[in-house]
Every structure is written in structure tokens, then in C-alpha cells.
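As stored in query-v5.pdb (PDB, C-alpha atoms, pLDDT in the B column):
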MODEL        1
ATOM      1  CA  MET K  29     -24.687  38.415-186.215  1.00 94.00           C
ATOM      2  CA  ILE K  30     -23.640  41.641-184.544  1.00 97.00           C
ATOM      3  CA  SER K  31     -20.132  42.764-185.464  1.00 98.00           C
ATOM      4  CA  VAL K  32     -17.962  44.617-182.975  1.00 98.00           C
ATOM      5  CA  VAL K  33     -14.527  46.168-182.742  1.00 98.00           C
ATOM      6  CA  ILE K  34     -12.928  46.319-179.291  1.00 98.00           C
ATOM      7  CA  LEU K  35     -10.595  49.176-178.392  1.00 98.00           C
ATOM      8  CA  GLY K  36      -8.392  48.659-175.355  1.00 97.00           C
ATOM      9  CA  ALA K  37      -6.630  45.752-173.685  1.00 95.00           C
ATOM     10  CA  GLY K  38      -7.477  46.042-169.990  1.00 93.00           C
ATOM     11  CA  ASN K  39      -9.474  43.720-167.779  1.00 94.00           C
ATOM     12  CA  VAL K  40     -12.891  44.742-169.127  1.00 95.00           C
ATOM     13  CA  ALA K  41     -11.785  44.549-172.765  1.00 96.00           C
ATOM     14  CA  THR K  42     -10.269  41.103-172.257  1.00 95.00           C
ATOM     15  CA  HIS K  43     -13.342  39.661-170.548  1.00 95.00           C
ATOM     16  CA  LEU K  44     -15.647  41.192-173.155  1.00 97.00           C
ATOM     17  CA  TYR K  45     -13.599  39.640-175.925  1.00 97.00           C
ATOM     18  CA  LYS K  46     -13.853  36.208-174.296  1.00 95.00           C
ATOM     19  CA  ALA K  47     -17.603  36.585-173.767  1.00 96.00           C
ATOM     20  CA  PHE K  48     -18.201  37.734-177.344  1.00 97.00           C
ATOM     21  CA  LYS K  49     -16.053  34.894-178.742  1.00 96.00           C
ATOM     22  CA  ALA K  50     -18.167  32.387-176.816  1.00 96.00           C
ATOM     23  CA  SER K  51     -21.416  33.823-178.213  1.00 96.00           C
ATOM     24  CA  ASP K  52     -23.043  32.631-181.426  1.00 96.00           C
ATOM     25  CA  GLY K  53     -24.561  36.055-181.970  1.00 97.00           C
ATOM     26  CA  VAL K  54     -21.414  38.192-182.006  1.00 98.00           C
ATOM     27  CA  VAL K  55     -18.376  38.379-184.233  1.00 98.00           C
ATOM     28  CA  VAL K  56     -15.334  40.343-183.078  1.00 98.00           C
ATOM     29  CA  LYS K  57     -14.006  41.728-186.343  1.00 98.00           C
ATOM     30  CA  GLN K  58     -10.973  43.462-184.863  1.00 98.00           C
ATOM     31  CA  TRP K  59      -9.207  44.263-181.606  1.00 98.00           C
ATOM     32  CA  TYR K  60      -7.287  47.529-181.343  1.00 98.00           C
ATOM     33  CA  ASN K  61      -4.727  48.564-178.770  1.00 97.00           C
ATOM     34  CA  ARG K  62      -2.036  51.203-179.053  1.00 95.00           C
ATOM     35  CA  HIS K  63       0.524  48.594-177.947  1.00 94.00           C
ATOM     36  CA  LEU K  64       0.202  45.233-179.678  1.00 96.00           C
ATOM     37  CA  ASP K  65       1.946  43.413-176.843  1.00 94.00           C
ATOM     38  CA  GLY K  66      -1.233  43.750-174.787  1.00 91.00           C
ATOM     39  CA  ILE K  67      -3.276  41.683-177.251  1.00 95.00           C
ATOM     40  CA  ARG K  68      -0.660  39.768-179.256  1.00 96.00           C
ATOM     41  CA  SER K  69      -1.506  36.476-177.556  1.00 95.00           C
ATOM     42  CA  TYR K  70      -4.961  36.619-179.223  1.00 95.00           C
ATOM     43  CA  SER K  71      -3.657  37.171-182.749  1.00 95.00           C
ATOM     44  CA  ASN K  72      -4.524  33.608-183.778  1.00 96.00           C
ATOM     45  CA  THR K  73      -8.215  34.119-183.010  1.00 96.00           C
ATOM     46  CA  VAL K  74      -8.907  37.730-184.006  1.00 97.00           C
ATOM     47  CA  GLU K  75      -7.429  40.427-186.214  1.00 97.00           C
ATOM     48  CA  ILE K  76      -5.370  42.768-184.057  1.00 98.00           C
ATOM     49  CA  THR K  77      -4.013  46.224-184.838  1.00 98.00           C
ATOM     50  CA  ASP K  78      -2.225  49.166-183.250  1.00 97.00           C
ATOM     51  CA  ASP K  79      -3.028  51.459-186.182  1.00 97.00           C
ATOM     52  CA  ILE K  80      -6.228  53.372-185.469  1.00 97.00           C
ATOM     53  CA  SER K  81      -6.442  54.523-189.076  1.00 97.00           C
ATOM     54  CA  GLN K  82      -6.930  50.879-190.120  1.00 96.00           C
ATOM     55  CA  LEU K  83     -10.062  50.142-188.071  1.00 98.00           C
ATOM     56  CA  VAL K  84     -12.505  48.009-190.015  1.00 98.00           C
ATOM     57  CA  GLU K  85     -16.234  48.663-190.334  1.00 98.00           C
ATOM     58  CA  ALA K  86     -18.455  47.144-187.647  1.00 98.00           C
ATOM     59  CA  ASP K  87     -21.912  47.560-186.126  1.00 98.00           C
ATOM     60  CA  ILE K  88     -20.592  48.706-182.737  1.00 98.00           C
ATOM     61  CA  TYR K  89     -17.225  50.014-181.557  1.00 98.00           C
ATOM     62  CA  ILE K  90     -16.552  49.378-177.877  1.00 98.00           C
ATOM     63  CA  ILE K  91     -14.053  51.643-176.122  1.00 98.00           C
ATOM     64  CA  ALA K  92     -12.831  49.787-173.027  1.00 97.00           C
ATOM     65  CA  VAL K  93      -9.971  51.932-171.738  1.00 97.00           C
ATOM     66  CA  SER K  94      -9.289  53.995-168.607  1.00 95.00           C
ATOM     67  CA  ASP K  95     -11.783  56.798-167.945  1.00 96.00           C
ATOM     68  CA  ASP K  96      -9.330  59.579-168.801  1.00 96.00           C
ATOM     69  CA  ALA K  97      -8.501  57.977-172.151  1.00 97.00           C
ATOM     70  CA  ILE K  98     -12.084  57.553-173.406  1.00 98.00           C
ATOM     71  CA  ALA K  99     -12.681  61.050-174.802  1.00 98.00           C
ATOM     72  CA  PRO K 100      -9.242  61.424-176.476  1.00 98.00           C
ATOM     73  CA  LEU K 101      -9.532  57.990-178.092  1.00 98.00           C
ATOM     74  CA  SER K 102     -13.027  58.744-179.396  1.00 98.00           C
ATOM     75  CA  GLU K 103     -11.673  61.918-180.991  1.00 98.00           C
ATOM     76  CA  GLN K 104      -9.006  59.900-182.818  1.00 97.00           C
ATOM     77  CA  LEU K 105     -11.496  57.545-184.476  1.00 98.00           C
ATOM     78  CA  PRO K 106     -11.075  57.948-188.262  1.00 97.00           C
ATOM     79  CA  PHE K 107     -14.774  57.813-189.181  1.00 97.00           C
ATOM     80  CA  GLU K 108     -18.111  59.525-188.548  1.00 97.00           C
ATOM     81  CA  ASN K 109     -21.728  58.522-187.873  1.00 97.00           C
ATOM     82  CA  ARG K 110     -20.887  55.039-186.625  1.00 98.00           C
ATOM     83  CA  PHE K 111     -22.053  53.621-183.288  1.00 98.00           C
ATOM     84  CA  VAL K 112     -19.434  54.057-180.548  1.00 98.00           C
ATOM     85  CA  VAL K 113     -19.903  53.117-176.887  1.00 98.00           C
ATOM     86  CA  HIS K 114     -17.707  53.056-173.817  1.00 98.00           C
ATOM     87  CA  THR K 115     -17.745  50.684-170.830  1.00 97.00           C
ATOM     88  CA  SER K 116     -17.232  53.122-167.941  1.00 96.00           C
ATOM     89  CA  GLY K 117     -19.573  53.522-165.003  1.00 95.00           C
ATOM     90  CA  SER K 118     -18.667  57.139-164.335  1.00 93.00           C
ATOM     91  CA  VAL K 119     -18.022  58.770-167.733  1.00 95.00           C
ATOM     92  CA  SER K 120     -20.882  60.469-169.569  1.00 95.00           C
ATOM     93  CA  ALA K 121     -21.939  59.285-173.012  1.00 96.00           C
ATOM     94  CA  TYR K 122     -21.598  62.945-174.008  1.00 96.00           C
ATOM     95  CA  ASP K 123     -17.848  62.703-173.399  1.00 97.00           C
ATOM     96  CA  LEU K 124     -17.571  60.607-176.557  1.00 98.00           C
ATOM     97  CA  ASP K 125     -16.864  62.637-179.673  1.00 98.00           C
ATOM     98  CA  LYS K 126     -20.162  63.777-181.189  1.00 97.00           C
ATOM     99  CA  LYS K 127     -19.041  62.979-184.735  1.00 98.00           C
ATOM    100  CA  ASN K 128     -20.331  59.457-184.020  1.00 98.00           C
ATOM    101  CA  ARG K 129     -23.514  58.006-182.500  1.00 98.00           C
ATOM    102  CA  ARG K 130     -22.869  57.527-178.807  1.00 98.00           C
ATOM    103  CA  GLY K 131     -23.782  55.163-175.991  1.00 98.00           C
ATOM    104  CA  VAL K 132     -22.663  53.237-172.921  1.00 98.00           C
ATOM    105  CA  PHE K 133     -22.240  49.484-172.461  1.00 98.00           C
ATOM    106  CA  TYR K 134     -21.392  49.195-168.743  1.00 97.00           C
ATOM    107  CA  PRO K 135     -20.837  45.698-167.269  1.00 97.00           C
ATOM    108  CA  LEU K 136     -21.435  46.133-163.549  1.00 96.00           C
ATOM    109  CA  GLN K 137     -18.852  43.722-162.164  1.00 95.00           C
ATOM    110  CA  THR K 138     -15.293  43.605-160.878  1.00 91.00           C
ATOM    111  CA  PHE K 139     -12.829  42.181-163.383  1.00 89.00           C
ATOM    112  CA  SER K 140      -9.380  40.665-163.038  1.00 86.00           C
ATOM    113  CA  LYS K 141      -7.722  39.095-166.055  1.00 77.00           C
ATOM    114  CA  ALA K 142      -6.875  35.883-164.205  1.00 79.00           C
ATOM    115  CA  ALA K 143     -10.349  35.389-162.677  1.00 83.00           C
ATOM    116  CA  LYS K 144     -13.057  33.652-164.690  1.00 87.00           C
ATOM    117  CA  VAL K 145     -16.351  35.519-165.010  1.00 89.00           C
ATOM    118  CA  ASP K 146     -19.758  34.056-165.822  1.00 92.00           C
ATOM    119  CA  PHE K 147     -20.920  36.885-168.061  1.00 93.00           C
ATOM    120  CA  SER K 148     -24.471  35.531-168.134  1.00 94.00           C
ATOM    121  CA  GLN K 149     -24.773  36.782-164.545  1.00 94.00           C
ATOM    122  CA  VAL K 150     -23.131  40.166-165.109  1.00 96.00           C
ATOM    123  CA  PRO K 151     -25.653  43.038-165.240  1.00 97.00           C
ATOM    124  CA  ILE K 152     -25.058  45.212-168.293  1.00 98.00           C
ATOM    125  CA  CYS K 153     -26.290  48.778-167.994  1.00 98.00           C
ATOM    126  CA  LEU K 154     -27.184  50.406-171.295  1.00 98.00           C
ATOM    127  CA  GLU K 155     -27.544  54.000-172.391  1.00 98.00           C
ATOM    128  CA  THR K 156     -27.846  55.578-175.827  1.00 98.00           C
ATOM    129  CA  LEU K 157     -28.253  59.168-176.903  1.00 97.00           C
ATOM    130  CA  ARG K 158     -30.417  58.170-179.875  1.00 97.00           C
ATOM    131  CA  LYS K 159     -33.519  56.066-179.273  1.00 96.00           C
ATOM    132  CA  THR K 160     -32.901  54.081-182.456  1.00 97.00           C
ATOM    133  CA  ASP K 161     -29.520  52.914-181.153  1.00 98.00           C
ATOM    134  CA  TYR K 162     -30.918  51.280-178.022  1.00 98.00           C
ATOM    135  CA  MET K 163     -32.217  48.033-179.520  1.00 97.00           C
ATOM    136  CA  PRO K 164     -28.965  47.187-181.377  1.00 97.00           C
ATOM    137  CA  LEU K 165     -27.072  47.728-178.127  1.00 98.00           C
ATOM    138  CA  LYS K 166     -29.564  45.610-176.190  1.00 98.00           C
ATOM    139  CA  ARG K 167     -29.293  42.818-178.773  1.00 98.00           C
ATOM    140  CA  LEU K 168     -25.538  42.838-178.227  1.00 98.00           C
ATOM    141  CA  ALA K 169     -25.956  42.753-174.453  1.00 98.00           C
ATOM    142  CA  ILE K 170     -28.372  39.803-174.420  1.00 98.00           C
ATOM    143  CA  CYS K 171     -25.935  37.794-176.522  1.00 97.00           C
ATOM    144  CA  ILE K 172     -23.687  37.531-173.456  1.00 97.00           C
ATOM    145  CA  SER K 173     -25.794  38.407-170.395  1.00 97.00           C
ATOM    146  CA  ASP K 174     -29.138  37.410-168.889  1.00 97.00           C
ATOM    147  CA  ILE K 175     -29.338  40.727-167.028  1.00 97.00           C
ATOM    148  CA  THR K 176     -29.630  43.927-169.052  1.00 97.00           C
ATOM    149  CA  LYS K 177     -31.013  47.236-167.858  1.00 97.00           C
ATOM    150  CA  ARG K 178     -31.585  50.619-169.423  1.00 97.00           C
ATOM    151  CA  VAL K 179     -30.209  53.293-167.094  1.00 96.00           C
ATOM    152  CA  ASN K 180     -29.704  57.025-167.437  1.00 94.00           C
ATOM    153  CA  SER K 181     -26.464  58.832-166.646  1.00 91.00           C
ATOM    154  CA  ASP K 182     -27.470  59.754-163.078  1.00 94.00           C
ATOM    155  CA  GLN K 183     -28.520  56.191-162.293  1.00 96.00           C
ATOM    156  CA  ARG K 184     -25.302  54.782-163.737  1.00 95.00           C
ATOM    157  CA  ALA K 185     -23.208  57.239-161.716  1.00 94.00           C
ATOM    158  CA  ALA K 186     -25.072  56.204-158.561  1.00 96.00           C
ATOM    159  CA  LEU K 187     -24.555  52.524-159.352  1.00 96.00           C
ATOM    160  CA  HIS K 188     -20.851  53.086-159.933  1.00 95.00           C
ATOM    161  CA  LEU K 189     -20.503  54.968-156.639  1.00 96.00           C
ATOM    162  CA  ALA K 190     -22.432  52.250-154.816  1.00 96.00           C
ATOM    163  CA  ALA K 191     -20.210  49.636-156.465  1.00 95.00           C
ATOM    164  CA  VAL K 192     -17.151  51.317-154.957  1.00 95.00           C
ATOM    165  CA  PHE K 193     -18.715  50.898-151.517  1.00 96.00           C
ATOM    166  CA  VAL K 194     -19.747  47.248-151.927  1.00 95.00           C
ATOM    167  CA  ASN K 195     -16.635  46.141-153.812  1.00 95.00           C
ATOM    168  CA  ASN K 196     -13.553  48.352-153.416  1.00 95.00           C
ATOM    169  CA  PHE K 197     -14.234  49.539-149.882  1.00 97.00           C
ATOM    170  CA  THR K 198     -15.357  46.097-148.757  1.00 96.00           C
ATOM    171  CA  ASN K 199     -12.215  44.548-150.204  1.00 96.00           C
ATOM    172  CA  GLN K 200     -10.133  47.067-148.254  1.00 97.00           C
ATOM    173  CA  LEU K 201     -11.940  45.943-145.105  1.00 97.00           C
ATOM    174  CA  TYR K 202     -10.992  42.367-145.999  1.00 97.00           C
ATOM    175  CA  ARG K 203      -7.386  43.549-146.238  1.00 97.00           C
ATOM    176  CA  ILE K 204      -7.588  45.159-142.800  1.00 97.00           C
ATOM    177  CA  ALA K 205      -9.114  41.973-141.400  1.00 97.00           C
ATOM    178  CA  HIS K 206      -6.238  40.031-142.964  1.00 97.00           C
ATOM    179  CA  GLU K 207      -3.715  42.302-141.234  1.00 96.00           C
ATOM    180  CA  ILE K 208      -5.516  41.902-137.894  1.00 96.00           C
ATOM    181  CA  THR K 209      -5.551  38.108-138.062  1.00 96.00           C
ATOM    182  CA  GLU K 210      -1.952  37.955-139.268  1.00 95.00           C
ATOM    183  CA  SER K 211      -0.795  40.111-136.360  1.00 93.00           C
ATOM    184  CA  GLN K 212      -1.889  37.396-133.923  1.00 93.00           C
ATOM    185  CA  GLY K 213      -1.089  34.362-136.073  1.00 95.00           C
ATOM    186  CA  ALA K 214      -4.773  33.595-136.648  1.00 96.00           C
ATOM    187  CA  GLU K 215      -6.003  32.187-139.978  1.00 96.00           C
ATOM    188  CA  PHE K 216      -7.840  34.625-142.251  1.00 97.00           C
ATOM    189  CA  ASP K 217      -9.333  31.604-144.081  1.00 97.00           C
ATOM    190  CA  LEU K 218     -11.541  30.967-141.055  1.00 97.00           C
ATOM    191  CA  LEU K 219     -13.402  34.169-141.935  1.00 96.00           C
ATOM    192  CA  LYS K 220     -14.258  33.076-145.483  1.00 96.00           C
ATOM    193  CA  PRO K 221     -17.506  31.234-144.599  1.00 96.00           C
ATOM    194  CA  LEU K 222     -18.627  34.404-142.783  1.00 96.00           C
ATOM    195  CA  ILE K 223     -17.772  36.507-145.831  1.00 95.00           C
ATOM    196  CA  LEU K 224     -19.836  34.226-148.060  1.00 94.00           C
ATOM    197  CA  GLU K 225     -22.770  34.122-145.633  1.00 95.00           C
ATOM    198  CA  THR K 226     -22.797  37.916-145.360  1.00 94.00           C
ATOM    199  CA  ALA K 227     -22.886  38.259-149.148  1.00 93.00           C
ATOM    200  CA  GLN K 228     -25.554  35.577-149.447  1.00 93.00           C
ATOM    201  CA  LYS K 229     -27.780  37.187-146.836  1.00 93.00           C
ATOM    202  CA  VAL K 230     -28.303  40.361-148.864  1.00 92.00           C
ATOM    203  CA  GLN K 231     -29.528  38.276-151.790  1.00 92.00           C
ATOM    204  CA  ASP K 232     -32.718  37.613-149.818  1.00 93.00           C
ATOM    205  CA  HIS K 233     -32.902  40.436-147.262  1.00 94.00           C
ATOM    206  CA  SER K 234     -32.204  44.165-147.265  1.00 95.00           C
ATOM    207  CA  PRO K 235     -28.844  45.337-145.899  1.00 94.00           C
ATOM    208  CA  PHE K 236     -30.770  47.196-143.188  1.00 94.00           C
ATOM    209  CA  MET K 237     -32.472  44.014-141.998  1.00 93.00           C
ATOM    210  CA  SER K 238     -29.266  41.972-142.279  1.00 93.00           C
ATOM    211  CA  GLN K 239     -27.183  44.131-139.946  1.00 94.00           C
ATOM    212  CA  THR K 240     -25.859  42.432-136.789  1.00 94.00           C
ATOM    213  CA  GLY K 241     -22.957  43.006-134.413  1.00 95.00           C
ATOM    214  CA  PRO K 242     -21.876  45.071-131.409  1.00 95.00           C
ATOM    215  CA  ALA K 243     -22.525  48.467-133.038  1.00 95.00           C
ATOM    216  CA  LYS K 244     -26.175  47.655-133.729  1.00 94.00           C
ATOM    217  CA  ARG K 245     -26.570  46.133-130.239  1.00 93.00           C
ATOM    218  CA  LYS K 246     -24.821  49.145-128.703  1.00 92.00           C
ATOM    219  CA  ASP K 247     -22.499  46.732-126.932  1.00 95.00           C
ATOM    220  CA  LYS K 248     -20.158  49.352-125.442  1.00 95.00           C
ATOM    221  CA  LYS K 249     -18.034  46.787-123.608  1.00 96.00           C
ATOM    222  CA  THR K 250     -17.179  44.855-126.792  1.00 96.00           C
ATOM    223  CA  ILE K 251     -16.636  48.030-128.807  1.00 95.00           C
ATOM    224  CA  LYS K 252     -14.225  49.341-126.162  1.00 96.00           C
ATOM    225  CA  LYS K 253     -12.365  46.008-126.159  1.00 96.00           C
ATOM    226  CA  HIS K 254     -12.058  46.042-129.964  1.00 96.00           C
ATOM    227  CA  LEU K 255     -10.691  49.588-129.974  1.00 96.00           C
ATOM    228  CA  LYS K 256      -8.129  48.624-127.365  1.00 95.00           C
ATOM    229  CA  LEU K 257      -6.984  45.679-129.506  1.00 94.00           C
ATOM    230  CA  LEU K 258      -6.450  47.897-132.565  1.00 95.00           C
ATOM    231  CA  ASP K 259      -2.930  49.304-132.477  1.00 92.00           C
ATOM    232  CA  ASN K 260      -3.144  50.800-135.973  1.00 95.00           C
ATOM    233  CA  ALA K 261      -4.487  54.357-135.659  1.00 96.00           C
ATOM    234  CA  GLN K 262      -6.065  54.327-139.120  1.00 96.00           C
ATOM    235  CA  HIS K 263      -7.836  51.030-138.446  1.00 96.00           C
ATOM    236  CA  LYS K 264      -9.088  52.454-135.152  1.00 96.00           C
ATOM    237  CA  GLU K 265     -10.573  55.485-136.915  1.00 97.00           C
ATOM    238  CA  ILE K 266     -12.265  53.285-139.530  1.00 97.00           C
ATOM    239  CA  TYR K 267     -13.750  51.144-136.734  1.00 96.00           C
ATOM    240  CA  LYS K 268     -15.085  54.244-134.954  1.00 96.00           C
ATOM    241  CA  LEU K 269     -16.507  55.726-138.172  1.00 97.00           C
ATOM    242  CA  LEU K 270     -18.331  52.552-139.218  1.00 96.00           C
ATOM    243  CA  THR K 271     -19.582  51.947-135.687  1.00 96.00           C
ATOM    244  CA  ALA K 272     -21.033  55.468-135.584  1.00 96.00           C
ATOM    245  CA  SER K 273     -22.602  54.982-139.033  1.00 95.00           C
ATOM    246  CA  ILE K 274     -24.292  51.723-137.999  1.00 95.00           C
ATOM    247  CA  GLN K 275     -25.563  53.244-134.770  1.00 95.00           C
ATOM    248  CA  HIS K 276     -26.928  56.269-136.627  1.00 95.00           C
ATOM    249  CA  THR K 277     -28.672  54.022-139.151  1.00 95.00           C
ATOM    250  CA  HIS K 278     -30.267  51.879-136.474  1.00 94.00           C
ATOM    251  CA  GLY K 279     -31.232  54.705-134.170  1.00 82.00           C
ATOM    252  CA  ARG K 280     -28.696  53.967-131.451  1.00 54.00           C
TER     253      ARG K 280
ENDMDL
END
So that I can check it, write out the structure of this file as C-alpha cells.
Amino acid sequence: MISVVILGAGNVATHLYKAFKASDGVVVKQWYNRHLDGIRSYSNTVEITDDISQLVEADIYIIAVSDDAIAPLSEQLPFENRFVVHTSGSVSAYDLDKKNRRGVFYPLQTFSKAAKVDFSQVPICLETLRKTDYMPLKRLAICISDITKRVNSDQRAALHLAAVFVNNFTNQLYRIAHEITESQGAEFDLLKPLILETAQKVQDHSPFMSQTGPAKRKDKKTIKKHLKLLDNAQHKEIYKLLTASIQHTHGR
């Protein structure tokens, strides 16, 4: 059994706790948060604490807090030479206090507390500063996920940036589409099969090969009509920018 202590009470921390609790290979010895209210509802299933000086001994300490809070929290840890990792896609392992062994345990997925996540299908990107720490971290990862990958800091940063494009930016485009349909009393739900098909297509084909639409076809008449329909100046600029990007990519 691999023992862990979780630090933090956000979306990632909560989903990790649930995944670890469901695994036969992991025991969560303690859950720390600076405000107990964030984790009090789990007090019947795990020891909780808001006193960092009372952290118990474990194989791996997982810091799952906001990026800006990772380094300060690692400095507050009341021990040395233990294995401490964070879960961020964009923070360096070197940002963790060097008094402890350092690494990264980055689940590459979007998390919301209310949404269920099948952790077996969540890629976990791993990085350690000491070679001897890699296998313990990998053993922890395979207890909850079927997809684990060793990545360096540059690769992880690129993956995190790419994730912003495919997740955060795409979701904002969904929001714009929702506003457009609402403005004319059309049903956004009618777009959901298209959303699913678009996501499914890139499982089997490259994004380059999957591209369709008026920008790729250089359908000036349709593009002009769309721009005329858009009365929101910001939406119009986004449409023009993405159209130009698609045309540049496909040599139009």
C-alpha cells in the first residue's frame, strides 16, 4: 500500500481523494487544508487537519492548491527529505522547497467538484528530480489511472498550454455559440451532437485532416453572411481571427 497525504481542498484534490479511496493500492492517511470547512464533510472517512505542524508521515505528499500557493505551502512543510509533489501543469518541480524530494503528479483533465470523473481514463503526467523517486510515483499513478506518462518540464508546459486551447478556449466558444442561439430563440441543445462528433473525430484522425467549414472551403459568401449576422464586435473579431487561422493552416 502506498500512503499519501493530500494538501488542498480544490477540485483536483477532491477528485484525487475519491480516486485514491476507491483504490486498493492507496491509503489516504490525512487530508490537510488551511480551512477545515473545505474538507469537513469527509471527516468520517479520513483524518482531516488544518494544522500543518501535525502532518503525519506518508510515502508521498500531494500539494493540490492554486499555482501561486504551491511554493509557499511547500516552504511551510514541517519536515525534510520526504517526497513532495504538486499537481500543476505549469509550475516547475523546482518551485517546491528543496528541503524535500520533489516531483510532479499532473492529472491532465478538467475537474469540477460536481462532475464525476473516470480516473482510469485520465492521463497522469509524471516528473521527478531524482531518478529513484520515479517508480514510487508511477506505482501511485497506476493505482488510479490506465494512462501514465513520464514528461519533462517543457513537455508538461506545452501540454498545459495546449489544454487551455482545447478545453478553456473551446468552452468559451461554446459559450459564444450559446449566446448566438439564444439571441434568435434557437436551441443550443441541437448543437450537442455536433460537439460530440467533432470531439470523436479527432480520436481517429488528426485535427488537420478533420477540419471542415466555410473557412477551409474559402466560402466568401457564407463568411460574409456570418459576419453580418454577428452584432457583437468581440464575437466578430474572434470569427475573423479563427477564419484567418484556418485559411493560413490550409493554404487558402
Nearest to Val113 in chain K by atom-to-atom distance, counting all atoms listed in the file, from K:Pro242, K:Pro164, K:Pro221, K:Gly66:
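With all atoms listed in the file as the atom set, the closest residue is K:Pro164.
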Between CA of Val84 in chain K and CA of Val56 in chain K - distance in Å to one decimal
10.7 Å
Here's the selection I'm unsure about, the PyMOL selection byres ((chain K and resi 279) around 12); applied to the file above, which residues does it give, as a short mmCIF file (atom, residue, chain, number, x, y, z; two decimals) with C-alpha atoms, keeping the file's coordinate frame?
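As a result, expr.cif now contains:
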data_model
loop_
_atom_site.label_atom_id
_atom_site.label_comp_id
_atom_site.auth_asym_id
_atom_site.auth_seq_id
_atom_site.Cartn_x
_atom_site.Cartn_y
_atom_site.Cartn_z
CA PHE K 236 -30.77 47.20 -143.19
CA ALA K 243 -22.52 48.47 -133.04
CA LYS K 244 -26.18 47.66 -133.73
CA ARG K 245 -26.57 46.13 -130.24
CA LYS K 246 -24.82 49.14 -128.70
CA ALA K 272 -21.03 55.47 -135.58
CA SER K 273 -22.60 54.98 -139.03
CA ILE K 274 -24.29 51.72 -138.00
CA GLN K 275 -25.56 53.24 -134.77
CA HIS K 276 -26.93 56.27 -136.63
CA THR K 277 -28.67 54.02 -139.15
CA HIS K 278 -30.27 51.88 -136.47
CA ARG K 280 -28.70 53.97 -131.45
#
Hits from the PyMOL selection byres ((chain K and resi 118-129) around 7), listed as JSON, numbers by chain:
{"K": [95, 99, 102, 103, 108, 109, 110, 111, 112, 116, 117, 130, 131, 132, 181, 185, 188]}
Counting all atoms listed in the file, which of K:Pro235, K:Gly213, K:Pro135, K:Gly241 gets nearest to Leu154 in chain K?
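Smallest separation from Leu154 in chain K among the options: K:Pro135.
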Residues within 10 Å of Gln149 in chain K, only C-alpha atoms, excluding chain neighbours under 5 positions, as a PDB file with C-alpha atoms, in the coordinates of the input:
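Now in selection-v2.pdb:
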ATOM      1  CA  LEU K 136     -21.435  46.133-163.549  1.00 96.00           C
ATOM      2  CA  GLN K 137     -18.852  43.722-162.164  1.00 95.00           C
ATOM      3  CA  ILE K 172     -23.687  37.531-173.456  1.00 97.00           C
ATOM      4  CA  SER K 173     -25.794  38.407-170.395  1.00 97.00           C
ATOM      5  CA  ASP K 174     -29.138  37.410-168.889  1.00 97.00           C
ATOM      6  CA  ILE K 175     -29.338  40.727-167.028  1.00 97.00           C
ATOM      7  CA  THR K 176     -29.630  43.927-169.052  1.00 97.00           C
TER       8      THR K 176
END
How far is it from CA of Ile88 in chain K to CA of Phe48 in chain K, in Å with one decimal?
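Separation between CA of Ile88 in chain K and CA of Phe48 in chain K: 12.5 Å.
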CA of Asp79 in chain K to CA of Ser94 in chain K measures 18.8 Å
Quick one: residues within 10 Å of His206 in chain K, only C-alpha atoms, excluding same-chain residues fewer than 6 positions away - as a ChimeraX atom specification?
/K:200,214-217,219
Using the incomplete input, complete range 168-179 of chain K to the level of N, CA, C and O atoms; output as a PDB file, in the coordinates of the input.
ATOM      1  N   LEU K 168     -26.918  43.231-178.523  1.00 98.00           N
ATOM      2  CA  LEU K 168     -25.538  42.838-178.227  1.00 98.00           C
ATOM      3  C   LEU K 168     -25.432  42.362-176.778  1.00 98.00           C
ATOM      4  O   LEU K 168     -24.815  41.326-176.505  1.00 98.00           O
ATOM      5  N   ALA K 169     -26.049  43.091-175.874  1.00 98.00           N
ATOM      6  CA  ALA K 169     -25.956  42.753-174.453  1.00 98.00           C
ATOM      7  C   ALA K 169     -26.559  41.377-174.158  1.00 98.00           C
ATOM      8  O   ALA K 169     -25.975  40.579-173.412  1.00 98.00           O
ATOM      9  N   ILE K 170     -27.716  41.076-174.730  1.00 98.00           N
ATOM     10  CA  ILE K 170     -28.372  39.803-174.420  1.00 98.00           C
ATOM     11  C   ILE K 170     -27.675  38.613-175.078  1.00 98.00           C
ATOM     12  O   ILE K 170     -27.963  37.466-174.740  1.00 98.00           O
ATOM     13  N   CYS K 171     -26.737  38.881-175.961  1.00 97.00           N
ATOM     14  CA  CYS K 171     -25.935  37.794-176.522  1.00 97.00           C
ATOM     15  C   CYS K 171     -24.985  37.211-175.472  1.00 97.00           C
ATOM     16  O   CYS K 171     -24.545  36.061-175.605  1.00 97.00           O
ATOM     17  N   ILE K 172     -24.660  38.011-174.448  1.00 97.00           N
ATOM     18  CA  ILE K 172     -23.687  37.531-173.456  1.00 97.00           C
ATOM     19  C   ILE K 172     -24.204  37.571-172.023  1.00 97.00           C
ATOM     20  O   ILE K 172     -23.591  36.964-171.134  1.00 97.00           O
ATOM     21  N   SER K 173     -25.314  38.268-171.774  1.00 97.00           N
ATOM     22  CA  SER K 173     -25.794  38.407-170.395  1.00 97.00           C
ATOM     23  C   SER K 173     -27.295  38.175-170.303  1.00 97.00           C
ATOM     24  O   SER K 173     -28.057  38.530-171.212  1.00 97.00           O
ATOM     25  N   ASP K 174     -27.712  37.596-169.165  1.00 97.00           N
ATOM     26  CA  ASP K 174     -29.138  37.410-168.889  1.00 97.00           C
ATOM     27  C   ASP K 174     -29.734  38.606-168.168  1.00 97.00           C
ATOM     28  O   ASP K 174     -30.938  38.642-167.910  1.00 97.00           O
ATOM     29  N   ILE K 175     -28.886  39.575-167.819  1.00 97.00           N
ATOM     30  CA  ILE K 175     -29.338  40.727-167.028  1.00 97.00           C
ATOM     31  C   ILE K 175     -28.943  42.007-167.744  1.00 97.00           C
ATOM     32  O   ILE K 175     -27.769  42.410-167.733  1.00 97.00           O
ATOM     33  N   THR K 176     -29.899  42.651-168.384  1.00 97.00           N
ATOM     34  CA  THR K 176     -29.630  43.927-169.052  1.00 97.00           C
ATOM     35  C   THR K 176     -30.614  44.962-168.532  1.00 97.00           C
ATOM     36  O   THR K 176     -31.762  44.649-168.239  1.00 97.00           O
ATOM     37  N   LYS K 177     -30.160  46.186-168.421  1.00 97.00           N
ATOM     38  CA  LYS K 177     -31.013  47.236-167.858  1.00 97.00           C
ATOM     39  C   LYS K 177     -30.705  48.564-168.520  1.00 97.00           C
ATOM     40  O   LYS K 177     -29.550  48.950-168.668  1.00 97.00           O
ATOM     41  N   ARG K 178     -31.761  49.268-168.897  1.00 97.00           N
ATOM     42  CA  ARG K 178     -31.585  50.619-169.423  1.00 97.00           C
ATOM     43  C   ARG K 178     -31.475  51.586-168.248  1.00 97.00           C
ATOM     44  O   ARG K 178     -32.360  51.610-167.381  1.00 97.00           O
ATOM     45  N   VAL K 179     -30.398  52.340-168.183  1.00 96.00           N
ATOM     46  CA  VAL K 179     -30.209  53.293-167.094  1.00 96.00           C
ATOM     47  C   VAL K 179     -29.797  54.634-167.678  1.00 96.00           C
ATOM     48  O   VAL K 179     -29.159  54.695-168.734  1.00 96.00           O
TER      49      VAL K 179
END
